[in-house]
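Colleague: My structure is stored as coords_37.cif, with mmCIF, N, CA and C atoms.
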```cif
data_final
#
loop_
_atom_site.label_atom_id
_atom_site.label_comp_id
_atom_site.auth_asym_id
_atom_site.auth_seq_id
_atom_site.Cartn_x
_atom_site.Cartn_y
_atom_site.Cartn_z
N MET A 82 11.45 11.45 120.00
CA MET A 82 11.44 10.83 121.31
C MET A 82 11.46 11.94 122.34
N THR A 83 10.59 11.87 123.31
CA THR A 83 10.58 12.84 124.40
C THR A 83 10.81 12.10 125.71
N ILE A 84 11.21 12.83 126.70
CA ILE A 84 11.46 12.19 128.00
C ILE A 84 10.17 11.66 128.59
N SER A 85 9.06 12.37 128.40
CA SER A 85 7.81 11.96 129.02
C SER A 85 7.18 10.72 128.36
N SER A 86 7.41 10.53 127.07
CA SER A 86 6.84 9.37 126.39
C SER A 86 7.78 8.89 125.29
N PRO A 87 8.72 8.02 125.64
CA PRO A 87 9.65 7.54 124.62
C PRO A 87 8.92 6.82 123.50
N GLN A 88 9.29 7.16 122.29
CA GLN A 88 8.75 6.51 121.11
C GLN A 88 9.80 5.57 120.57
N ARG A 89 9.42 4.86 119.53
CA ARG A 89 10.40 3.98 118.89
C ARG A 89 11.59 4.81 118.43
N PRO A 90 12.78 4.50 118.93
CA PRO A 90 13.95 5.29 118.55
C PRO A 90 14.24 5.19 117.06
N ARG A 91 14.55 6.31 116.46
CA ARG A 91 14.94 6.33 115.07
C ARG A 91 16.46 6.42 114.94
N SER A 92 17.12 6.35 116.04
CA SER A 92 18.58 6.46 116.06
C SER A 92 19.21 5.09 116.07
N ASP A 93 20.42 5.04 115.56
CA ASP A 93 21.21 3.81 115.63
C ASP A 93 22.02 3.76 116.92
N VAL A 94 22.31 4.94 117.49
CA VAL A 94 23.20 5.03 118.64
C VAL A 94 22.61 5.99 119.67
N VAL A 95 22.70 5.60 120.94
CA VAL A 95 22.41 6.50 122.06
C VAL A 95 23.66 6.55 122.91
N ILE A 96 24.10 7.76 123.23
CA ILE A 96 25.27 7.96 124.09
C ILE A 96 24.79 8.71 125.32
N GLU A 97 25.06 8.16 126.48
CA GLU A 97 24.66 8.84 127.71
C GLU A 97 25.83 8.95 128.66
N ASN A 98 25.80 10.03 129.43
CA ASN A 98 26.87 10.33 130.38
C ASN A 98 26.26 10.85 131.68
N PHE A 99 25.32 10.06 132.21
CA PHE A 99 24.62 10.43 133.43
C PHE A 99 25.02 9.49 134.56
N LYS A 100 24.65 9.84 135.77
CA LYS A 100 24.86 8.96 136.90
C LYS A 100 24.14 7.65 136.63
N VAL A 101 24.72 6.54 137.04
CA VAL A 101 24.15 5.22 136.78
C VAL A 101 22.70 5.16 137.24
N GLY A 102 21.81 4.72 136.33
CA GLY A 102 20.40 4.56 136.63
C GLY A 102 19.55 5.81 136.45
N ALA A 103 20.17 6.95 136.18
CA ALA A 103 19.41 8.20 136.09
C ALA A 103 18.39 8.19 134.96
N LEU A 104 18.68 7.55 133.85
CA LEU A 104 17.76 7.58 132.71
C LEU A 104 16.63 6.56 132.83
N ALA A 105 16.76 5.59 133.72
CA ALA A 105 15.73 4.56 133.87
C ALA A 105 14.39 5.16 134.30
N LYS A 106 14.42 6.17 135.14
CA LYS A 106 13.16 6.76 135.61
C LYS A 106 12.40 7.48 134.49
N PHE A 107 13.09 7.76 133.38
CA PHE A 107 12.45 8.38 132.23
C PHE A 107 12.17 7.37 131.12
N GLY A 108 12.48 6.10 131.36
CA GLY A 108 12.29 5.08 130.34
C GLY A 108 13.31 5.17 129.22
N LEU A 109 14.47 5.74 129.50
CA LEU A 109 15.51 5.91 128.49
C LEU A 109 16.74 5.05 128.78
N ASP A 110 16.57 4.00 129.56
CA ASP A 110 17.67 3.09 129.86
C ASP A 110 17.85 2.13 128.68
N ALA A 111 18.96 1.43 128.68
CA ALA A 111 19.30 0.54 127.56
C ALA A 111 18.23 -0.53 127.32
N ALA A 112 17.76 -1.17 128.36
CA ALA A 112 16.80 -2.25 128.19
C ALA A 112 15.49 -1.76 127.58
N THR A 113 15.00 -0.63 128.04
CA THR A 113 13.74 -0.09 127.53
C THR A 113 13.87 0.32 126.07
N LEU A 114 14.94 1.05 125.74
CA LEU A 114 15.12 1.50 124.37
C LEU A 114 15.40 0.35 123.42
N ARG A 115 16.13 -0.66 123.89
CA ARG A 115 16.41 -1.81 123.04
C ARG A 115 15.18 -2.66 122.78
N ALA A 116 14.23 -2.62 123.68
CA ALA A 116 12.98 -3.35 123.44
C ALA A 116 12.27 -2.80 122.20
N ALA A 117 12.42 -1.49 121.98
CA ALA A 117 11.82 -0.86 120.80
C ALA A 117 12.72 -0.95 119.57
N ASN A 118 14.02 -1.07 119.78
CA ASN A 118 14.97 -1.11 118.67
C ASN A 118 16.11 -2.07 119.01
N PRO A 119 15.99 -3.35 118.68
CA PRO A 119 17.00 -4.34 119.06
C PRO A 119 18.39 -4.08 118.48
N ARG A 120 18.46 -3.28 117.42
CA ARG A 120 19.77 -2.99 116.80
C ARG A 120 20.45 -1.78 117.43
N LEU A 121 19.84 -1.20 118.44
CA LEU A 121 20.38 0.01 119.07
C LEU A 121 21.74 -0.24 119.70
N ILE A 122 22.65 0.66 119.46
CA ILE A 122 23.95 0.67 120.16
C ILE A 122 23.81 1.69 121.28
N TYR A 123 23.94 1.25 122.50
CA TYR A 123 23.74 2.11 123.68
C TYR A 123 25.08 2.25 124.37
N ALA A 124 25.63 3.45 124.36
CA ALA A 124 26.95 3.69 124.96
C ALA A 124 26.78 4.48 126.26
N SER A 125 27.28 3.92 127.34
CA SER A 125 27.25 4.57 128.65
C SER A 125 28.66 4.98 129.03
N ILE A 126 28.83 6.24 129.34
CA ILE A 126 30.12 6.75 129.78
C ILE A 126 29.93 7.24 131.21
N SER A 127 30.70 6.71 132.12
CA SER A 127 30.54 7.07 133.54
C SER A 127 31.89 7.18 134.21
N GLY A 128 31.85 7.60 135.45
CA GLY A 128 33.08 7.76 136.21
C GLY A 128 33.70 6.44 136.64
N PHE A 129 32.89 5.55 137.16
CA PHE A 129 33.42 4.33 137.74
C PHE A 129 32.76 3.05 137.21
N GLY A 130 32.05 3.14 136.10
CA GLY A 130 31.42 1.96 135.52
C GLY A 130 29.98 1.81 135.94
N GLN A 131 29.26 0.92 135.29
CA GLN A 131 27.84 0.71 135.53
C GLN A 131 27.57 -0.24 136.70
N THR A 132 28.56 -1.02 137.08
CA THR A 132 28.39 -1.95 138.20
C THR A 132 29.62 -1.84 139.10
N GLY A 133 29.54 -2.42 140.24
CA GLY A 133 30.68 -2.44 141.15
C GLY A 133 30.49 -1.49 142.31
N PRO A 134 31.42 -1.54 143.27
CA PRO A 134 31.25 -0.79 144.52
C PRO A 134 31.27 0.74 144.35
N LEU A 135 31.87 1.26 143.31
CA LEU A 135 31.93 2.71 143.11
C LEU A 135 30.96 3.21 142.04
N SER A 136 30.14 2.33 141.49
CA SER A 136 29.29 2.72 140.36
C SER A 136 28.31 3.83 140.69
N SER A 137 27.92 3.98 141.94
CA SER A 137 26.95 5.02 142.30
C SER A 137 27.61 6.39 142.47
N LYS A 138 28.93 6.43 142.42
CA LYS A 138 29.65 7.69 142.59
C LYS A 138 29.75 8.44 141.26
N THR A 139 29.67 9.76 141.35
CA THR A 139 29.89 10.57 140.16
C THR A 139 31.38 10.91 140.07
N SER A 140 31.81 11.29 138.91
CA SER A 140 33.23 11.58 138.72
C SER A 140 33.41 12.55 137.57
N PHE A 141 34.59 13.10 137.51
CA PHE A 141 35.03 13.91 136.38
C PHE A 141 36.53 13.79 136.32
N ASP A 142 37.15 14.44 135.37
CA ASP A 142 38.55 14.22 135.07
C ASP A 142 39.47 14.38 136.29
N MET A 143 39.30 15.44 137.05
CA MET A 143 40.18 15.68 138.20
C MET A 143 40.11 14.55 139.22
N ILE A 144 38.92 14.04 139.45
CA ILE A 144 38.76 12.93 140.39
C ILE A 144 39.48 11.70 139.86
N ALA A 145 39.33 11.41 138.58
CA ALA A 145 40.00 10.24 137.99
C ALA A 145 41.51 10.38 138.08
N GLN A 146 42.03 11.56 137.80
CA GLN A 146 43.48 11.77 137.89
C GLN A 146 43.98 11.57 139.32
N ALA A 147 43.24 12.06 140.29
CA ALA A 147 43.65 11.90 141.69
C ALA A 147 43.51 10.44 142.13
N TYR A 148 42.39 9.82 141.79
CA TYR A 148 42.10 8.45 142.22
C TYR A 148 43.13 7.46 141.68
N THR A 149 43.55 7.65 140.45
CA THR A 149 44.47 6.69 139.83
C THR A 149 45.93 6.99 140.10
N GLY A 150 46.22 8.17 140.61
CA GLY A 150 47.60 8.51 140.93
C GLY A 150 48.37 9.20 139.82
N ILE A 151 47.73 9.48 138.70
CA ILE A 151 48.46 10.13 137.62
C ILE A 151 48.94 11.52 138.03
N MET A 152 48.23 12.17 138.95
CA MET A 152 48.65 13.50 139.41
C MET A 152 50.00 13.43 140.14
N ALA A 153 50.31 12.30 140.73
CA ALA A 153 51.58 12.15 141.44
C ALA A 153 52.76 12.05 140.47
N MET A 154 52.46 11.80 139.18
CA MET A 154 53.52 11.68 138.18
C MET A 154 53.79 12.99 137.45
N THR A 155 53.00 14.00 137.72
CA THR A 155 53.17 15.28 137.03
C THR A 155 53.52 16.37 138.05
N GLY A 156 53.95 17.50 137.56
CA GLY A 156 54.30 18.61 138.45
C GLY A 156 55.78 18.61 138.77
N GLU A 157 56.14 19.45 139.70
CA GLU A 157 57.54 19.61 140.11
C GLU A 157 58.01 18.43 140.96
N GLU A 158 59.26 18.05 140.78
CA GLU A 158 59.84 17.00 141.61
C GLU A 158 59.79 17.44 143.06
N ASP A 159 59.39 16.55 143.95
CA ASP A 159 59.22 16.82 145.38
C ASP A 159 58.14 17.86 145.66
N GLY A 160 57.31 18.16 144.67
CA GLY A 160 56.21 19.10 144.87
C GLY A 160 54.90 18.36 145.07
N PRO A 161 53.83 19.10 145.26
CA PRO A 161 52.52 18.45 145.43
C PRO A 161 52.03 17.87 144.11
N PRO A 162 51.08 16.97 144.16
CA PRO A 162 50.51 16.43 142.93
C PRO A 162 49.94 17.56 142.07
N ALA A 163 50.00 17.38 140.76
CA ALA A 163 49.50 18.41 139.84
C ALA A 163 48.66 17.76 138.74
N LEU A 164 47.63 18.48 138.31
CA LEU A 164 46.79 17.99 137.22
C LEU A 164 47.58 17.94 135.92
N VAL A 165 47.28 16.94 135.10
CA VAL A 165 47.81 16.91 133.74
C VAL A 165 47.22 18.13 133.03
N GLY A 166 47.92 18.69 132.07
CA GLY A 166 47.52 19.95 131.45
C GLY A 166 46.21 19.94 130.71
N LEU A 167 45.63 18.80 130.44
CA LEU A 167 44.33 18.75 129.77
C LEU A 167 43.50 17.65 130.40
N GLY A 168 42.25 17.60 130.05
CA GLY A 168 41.35 16.58 130.61
C GLY A 168 41.64 15.22 130.01
N ILE A 169 42.75 14.63 130.38
CA ILE A 169 43.23 13.39 129.77
C ILE A 169 42.26 12.23 129.98
N SER A 170 41.68 12.13 131.14
CA SER A 170 40.75 11.02 131.42
C SER A 170 39.48 11.16 130.60
N ASP A 171 38.89 12.35 130.61
CA ASP A 171 37.67 12.58 129.84
C ASP A 171 37.94 12.40 128.34
N THR A 172 39.05 12.93 127.87
CA THR A 172 39.37 12.86 126.44
C THR A 172 39.57 11.43 125.98
N THR A 173 40.40 10.67 126.68
CA THR A 173 40.67 9.30 126.24
C THR A 173 39.44 8.41 126.38
N THR A 174 38.62 8.65 127.38
CA THR A 174 37.39 7.88 127.52
C THR A 174 36.47 8.14 126.34
N GLY A 175 36.33 9.39 125.96
CA GLY A 175 35.50 9.74 124.81
C GLY A 175 36.02 9.16 123.51
N VAL A 176 37.33 9.20 123.33
CA VAL A 176 37.94 8.66 122.11
C VAL A 176 37.71 7.15 122.03
N HIS A 177 37.89 6.45 123.15
CA HIS A 177 37.67 5.01 123.15
C HIS A 177 36.20 4.66 122.92
N ALA A 178 35.28 5.42 123.50
CA ALA A 178 33.86 5.18 123.26
C ALA A 178 33.52 5.42 121.79
N PHE A 179 34.06 6.50 121.23
CA PHE A 179 33.85 6.82 119.81
C PHE A 179 34.35 5.67 118.92
N ALA A 180 35.53 5.14 119.22
CA ALA A 180 36.08 4.04 118.43
C ALA A 180 35.20 2.79 118.55
N ALA A 181 34.73 2.49 119.75
CA ALA A 181 33.89 1.31 119.95
C ALA A 181 32.55 1.46 119.22
N ILE A 182 31.97 2.65 119.25
CA ILE A 182 30.72 2.90 118.53
C ILE A 182 30.93 2.76 117.03
N GLY A 183 32.02 3.34 116.53
CA GLY A 183 32.33 3.22 115.11
C GLY A 183 32.51 1.78 114.68
N PHE A 184 33.18 0.99 115.49
CA PHE A 184 33.38 -0.42 115.16
C PHE A 184 32.05 -1.17 115.18
N ALA A 185 31.21 -0.89 116.17
CA ALA A 185 29.91 -1.55 116.22
C ALA A 185 29.06 -1.18 115.00
N LEU A 186 29.09 0.09 114.59
CA LEU A 186 28.35 0.50 113.39
C LEU A 186 28.89 -0.21 112.15
N PHE A 187 30.20 -0.34 112.06
CA PHE A 187 30.81 -1.07 110.95
C PHE A 187 30.30 -2.51 110.91
N LEU A 188 30.28 -3.16 112.06
CA LEU A 188 29.82 -4.54 112.11
C LEU A 188 28.36 -4.66 111.72
N PHE A 189 27.55 -3.66 112.07
CA PHE A 189 26.14 -3.67 111.67
C PHE A 189 26.01 -3.66 110.15
N GLU A 190 26.88 -2.94 109.50
CA GLU A 190 26.77 -2.77 108.05
C GLU A 190 27.46 -3.87 107.26
N THR A 191 28.12 -4.77 107.93
CA THR A 191 28.79 -5.87 107.24
C THR A 191 27.98 -7.15 107.44
N ARG A 192 28.62 -8.27 107.29
CA ARG A 192 27.91 -9.56 107.34
C ARG A 192 27.45 -9.96 108.74
N PHE A 193 27.85 -9.22 109.76
CA PHE A 193 27.48 -9.57 111.12
C PHE A 193 26.10 -9.02 111.46
N ALA A 194 25.31 -9.80 112.10
CA ALA A 194 23.98 -9.37 112.52
C ALA A 194 24.02 -9.13 114.03
N LEU A 195 24.52 -7.99 114.41
CA LEU A 195 24.62 -7.67 115.84
C LEU A 195 23.27 -7.27 116.40
N ARG A 196 23.07 -7.61 117.64
CA ARG A 196 21.88 -7.17 118.36
C ARG A 196 22.30 -6.85 119.78
N ASN A 197 21.61 -5.92 120.37
CA ASN A 197 21.79 -5.58 121.79
C ASN A 197 23.22 -5.22 122.15
N VAL A 198 23.79 -4.30 121.40
CA VAL A 198 25.16 -3.85 121.70
C VAL A 198 25.11 -2.85 122.83
N ARG A 199 25.90 -3.07 123.84
CA ARG A 199 26.03 -2.13 124.96
C ARG A 199 27.51 -1.86 125.14
N ILE A 200 27.88 -0.62 125.05
CA ILE A 200 29.27 -0.20 125.22
C ILE A 200 29.35 0.54 126.54
N GLU A 201 30.27 0.14 127.38
CA GLU A 201 30.46 0.82 128.66
C GLU A 201 31.91 1.27 128.76
N ARG A 202 32.10 2.53 129.02
CA ARG A 202 33.43 3.09 129.22
C ARG A 202 33.37 3.88 130.51
N HIS A 203 34.42 3.79 131.28
CA HIS A 203 34.52 4.68 132.42
C HIS A 203 35.93 5.22 132.50
N ILE A 204 36.04 6.40 133.09
CA ILE A 204 37.30 7.13 132.99
C ILE A 204 38.47 6.45 133.69
N LEU A 205 38.21 5.57 134.63
CA LEU A 205 39.32 4.87 135.27
C LEU A 205 39.97 3.86 134.34
N ASP A 206 39.24 3.42 133.30
CA ASP A 206 39.81 2.49 132.33
C ASP A 206 40.99 3.08 131.58
N HIS A 207 41.06 4.39 131.53
CA HIS A 207 42.01 5.04 130.64
C HIS A 207 43.08 5.81 131.39
N GLN A 208 43.43 5.32 132.56
CA GLN A 208 44.50 5.92 133.36
C GLN A 208 45.59 4.87 133.57
N PRO A 209 46.81 5.31 133.66
CA PRO A 209 47.89 4.34 133.91
C PRO A 209 47.77 3.76 135.32
N ASP A 210 48.20 2.53 135.48
CA ASP A 210 48.19 1.89 136.81
C ASP A 210 49.50 2.13 137.51
#
```
Taking this structure as input, can you express it in the form of structure tokens?
Modeller:
Amino acid sequence: MTISSPQRPRSDVVIENFKVGALAKFGLDAATLRAANPRLIYASISGFGQTGPLSSKTSFDMIAQAYTGIMAMTGEEDGPPALVGLGISDTTTGVHAFAAIGFALFLFETRFALRNVRIERHILDHQPD
């Protein structure tokens, strides 16, 4: 499969982590790829989800930590907000996407006849409220 001329996907899973809609201009969006392979599992990982008022915004771990307030729970007492020591938002989002993909693959191989699986994870899903 090339960006200029997508062919029938030979993959069971596509994982993308681009700004919402970025792959559509190359014909690599979920709907286009699923038309060629109805059993495709298409996982989208984004900052704020595929739909909604913030979906067009890009994000990364530091933004998610600040936006959700987790930075206010770390650091010195009465001090400024501080980042958690690792990319907690990125890591947990990836782990949850991995688990969802694994479960979908399991269901494909069992008695379930899944079609058109779309997994959406965004980093705000994995922050404390």
Colleague: Name every residue that the PyMOL selection byres ((chain A and resi 121) around 7) selects in this structure, writing the answer as a compact mmCIF listing (two decimals) with N, CA and C atoms, in the coordinates of the input with chains first and numbers rising.
Modeller:
```txt
# COMPACT_ATOMS: atom_id res chain seq x y z
N SER A 92 17.12 6.35 116.04
CA SER A 92 18.58 6.46 116.06
C SER A 92 19.21 5.09 116.07
N ASP A 93 20.42 5.04 115.56
CA ASP A 93 21.21 3.81 115.63
C ASP A 93 22.02 3.76 116.92
N VAL A 94 22.31 4.94 117.49
CA VAL A 94 23.20 5.03 118.64
C VAL A 94 22.61 5.99 119.67
N VAL A 95 22.70 5.60 120.94
CA VAL A 95 22.41 6.50 122.06
C VAL A 95 23.66 6.55 122.91
N LEU A 114 14.94 1.05 125.74
CA LEU A 114 15.12 1.50 124.37
C LEU A 114 15.40 0.35 123.42
N ARG A 115 16.13 -0.66 123.89
CA ARG A 115 16.41 -1.81 123.04
C ARG A 115 15.18 -2.66 122.78
N ASN A 118 14.02 -1.07 119.78
CA ASN A 118 14.97 -1.11 118.67
C ASN A 118 16.11 -2.07 119.01
N PRO A 119 15.99 -3.35 118.68
CA PRO A 119 17.00 -4.34 119.06
C PRO A 119 18.39 -4.08 118.48
N ARG A 120 18.46 -3.28 117.42
CA ARG A 120 19.77 -2.99 116.80
C ARG A 120 20.45 -1.78 117.43
N ILE A 122 22.65 0.66 119.46
CA ILE A 122 23.95 0.67 120.16
C ILE A 122 23.81 1.69 121.28
N TYR A 123 23.94 1.25 122.50
CA TYR A 123 23.74 2.11 123.68
C TYR A 123 25.08 2.25 124.37
N ARG A 196 23.07 -7.61 117.64
CA ARG A 196 21.88 -7.17 118.36
C ARG A 196 22.30 -6.85 119.78
N ASN A 197 21.61 -5.92 120.37
CA ASN A 197 21.79 -5.58 121.79
C ASN A 197 23.22 -5.22 122.15
N VAL A 198 23.79 -4.30 121.40
CA VAL A 198 25.16 -3.85 121.70
C VAL A 198 25.11 -2.85 122.83
N ARG A 199 25.90 -3.07 123.84
CA ARG A 199 26.03 -2.13 124.96
C ARG A 199 27.51 -1.86 125.14
```
Colleague: Could you list, as a list in words, every residue matched by the PyMOL selection byres (((chain A and resi 129 and name CA) around 10) and name CA) in this structure?
Modeller: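 Going through the file, the PyMOL selection byres (((chain A and resi 129 and name CA) around 10) and name CA) ends up selecting Lys100, Val101, Ile126, Ser127, Gly128, Gly130, Gln131, Thr132, Gly133, Pro134, Leu135, Ser136, Ser137, Lys138, Thr139, Ser140, Phe141, Ala145, Arg202, His203, Ile204, Leu205 and Asp206 of chain A.
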Colleague: With 12 Å as the threshold, what does the neighbourhood of (48.0, 13.5, 130.8) contain in terms of residues, counting only C-alpha atoms? Coordinates are those of the file; answer as number ranges by chain.
Modeller: A: 142-143, 145-147, 149-156, 163-173, 207-209
Colleague: As an exercise, work out the distance from atom C of Phe99 in chain A to CA of Leu186 in chain A in Å and give it to one decimal place.
Modeller: 23.2 Å
Colleague: What is the distance, in Å and to one decimal place, between CA of Phe179 in chain A and atom C of Asp110 in chain A?
Modeller: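 It comes out at 18.9 Å.
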Colleague: Looking only at alpha helix (DSSP H) from DSSP on the backbone, list the matching residues of range 92-191 of chain A as a VMD selection string.
Modeller: chain A and resid 111 to 117 142 to 149 169 to 190
Colleague: Would you work out the distance separating atom C of Arg91 in chain A from atom N of Gly175 in chain A, expressed in Å to one decimal?
Modeller: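 Rounded to one decimal, the two atoms are 22.9 Å apart.
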Colleague: Kindly indicate which residue among A:Ala124, A:Ala185, A:Asn98, A:Val176 lies nearest to Ala111 in chain A, using only C-alpha atoms for the distances.
Modeller: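 The shortest atom-to-atom distance to Ala111 in chain A comes from A:Ala124.
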Colleague: Quick test: take range 127-188 of chain A, keep C-alpha atoms, and write it as a PDB file, in the first residue's frame.
Modeller:
```pdb
ATOM      1  CA  SER A 127      -5.699  11.419  19.117  1.00  0.00           C
ATOM      2  CA  GLY A 128      -5.489  14.190  21.637  1.00  0.00           C
ATOM      3  CA  PHE A 129      -9.143  15.051  22.026  1.00  0.00           C
ATOM      4  CA  GLY A 130     -11.085  12.410  20.075  1.00  0.00           C
ATOM      5  CA  GLN A 131     -12.368  12.171  16.511  1.00  0.00           C
ATOM      6  CA  THR A 132     -15.468  14.300  17.102  1.00  0.00           C
ATOM      7  CA  GLY A 133     -16.464  17.119  19.383  1.00  0.00           C
ATOM      8  CA  PRO A 134     -15.468  20.740  19.923  1.00  0.00           C
ATOM      9  CA  LEU A 135     -11.763  20.018  20.546  1.00  0.00           C
ATOM     10  CA  SER A 136     -11.275  17.298  17.922  1.00  0.00           C
ATOM     11  CA  SER A 137      -9.407  19.625  15.539  1.00  0.00           C
ATOM     12  CA  LYS A 138      -6.804  20.427  18.199  1.00  0.00           C
ATOM     13  CA  THR A 139      -3.518  18.574  18.399  1.00  0.00           C
ATOM     14  CA  SER A 140      -2.204  17.373  21.722  1.00  0.00           C
ATOM     15  CA  PHE A 141       0.546  15.518  23.491  1.00  0.00           C
ATOM     16  CA  ASP A 142       1.153  14.314  27.018  1.00  0.00           C
ATOM     17  CA  MET A 143       2.026  17.667  28.614  1.00  0.00           C
ATOM     18  CA  ILE A 144      -1.113  19.297  27.226  1.00  0.00           C
ATOM     19  CA  ALA A 145      -3.286  16.445  28.513  1.00  0.00           C
ATOM     20  CA  GLN A 146      -1.711  16.645  31.973  1.00  0.00           C
ATOM     21  CA  ALA A 147      -2.292  20.403  32.132  1.00  0.00           C
ATOM     22  CA  TYR A 148      -5.807  20.276  30.635  1.00  0.00           C
ATOM     23  CA  THR A 149      -7.055  17.608  33.034  1.00  0.00           C
ATOM     24  CA  GLY A 150      -5.423  19.045  36.139  1.00  0.00           C
ATOM     25  CA  ILE A 151      -3.195  16.101  36.981  1.00  0.00           C
ATOM     26  CA  MET A 152      -0.227  18.496  37.115  1.00  0.00           C
ATOM     27  CA  ALA A 153      -1.888  20.248  40.061  1.00  0.00           C
ATOM     28  CA  MET A 154      -1.709  16.969  42.015  1.00  0.00           C
ATOM     29  CA  THR A 155       2.040  16.517  41.615  1.00  0.00           C
ATOM     30  CA  GLY A 156       5.062  18.537  42.682  1.00  0.00           C
ATOM     31  CA  GLU A 157       5.776  20.380  45.906  1.00  0.00           C
ATOM     32  CA  GLU A 158       2.970  21.372  48.244  1.00  0.00           C
ATOM     33  CA  ASP A 159       2.076  25.038  47.610  1.00  0.00           C
ATOM     34  CA  GLY A 160       4.366  24.948  44.569  1.00  0.00           C
ATOM     35  CA  PRO A 161       3.573  25.361  40.890  1.00  0.00           C
ATOM     36  CA  PRO A 162       2.021  22.513  38.913  1.00  0.00           C
ATOM     37  CA  ALA A 163       4.529  19.838  37.887  1.00  0.00           C
ATOM     38  CA  LEU A 164       4.571  17.173  35.191  1.00  0.00           C
ATOM     39  CA  VAL A 165       4.179  13.563  36.233  1.00  0.00           C
ATOM     40  CA  GLY A 166       7.583  11.878  35.909  1.00  0.00           C
ATOM     41  CA  LEU A 167       6.677   9.984  32.742  1.00  0.00           C
ATOM     42  CA  GLY A 168       4.347  10.383  29.793  1.00  0.00           C
ATOM     43  CA  ILE A 169       1.398   8.978  31.724  1.00  0.00           C
ATOM     44  CA  SER A 170      -1.274  10.136  29.272  1.00  0.00           C
ATOM     45  CA  ASP A 171       0.511   8.859  26.177  1.00  0.00           C
ATOM     46  CA  THR A 172       1.443   5.584  27.876  1.00  0.00           C
ATOM     47  CA  THR A 173      -1.993   4.728  29.235  1.00  0.00           C
ATOM     48  CA  THR A 174      -3.680   5.701  25.974  1.00  0.00           C
ATOM     49  CA  GLY A 175      -1.371   3.376  24.065  1.00  0.00           C
ATOM     50  CA  VAL A 176      -1.894   0.536  26.522  1.00  0.00           C
ATOM     51  CA  HIS A 177      -5.679   0.868  26.309  1.00  0.00           C
ATOM     52  CA  ALA A 178      -5.587   0.990  22.496  1.00  0.00           C
ATOM     53  CA  PHE A 179      -3.333  -2.093  22.476  1.00  0.00           C
ATOM     54  CA  ALA A 180      -5.772  -3.956  24.747  1.00  0.00           C
ATOM     55  CA  ALA A 181      -8.766  -2.985  22.594  1.00  0.00           C
ATOM     56  CA  ILE A 182      -6.987  -4.097  19.403  1.00  0.00           C
ATOM     57  CA  GLY A 183      -6.006  -7.395  21.022  1.00  0.00           C
ATOM     58  CA  PHE A 184      -9.577  -8.016  22.129  1.00  0.00           C
ATOM     59  CA  ALA A 185     -10.934  -7.209  18.668  1.00  0.00           C
ATOM     60  CA  LEU A 186      -8.419  -9.615  17.090  1.00  0.00           C
ATOM     61  CA  PHE A 187      -9.461 -12.290  19.577  1.00  0.00           C
ATOM     62  CA  LEU A 188     -13.107 -11.804  18.645  1.00  0.00           C
TER      63      LEU A 188
END
```
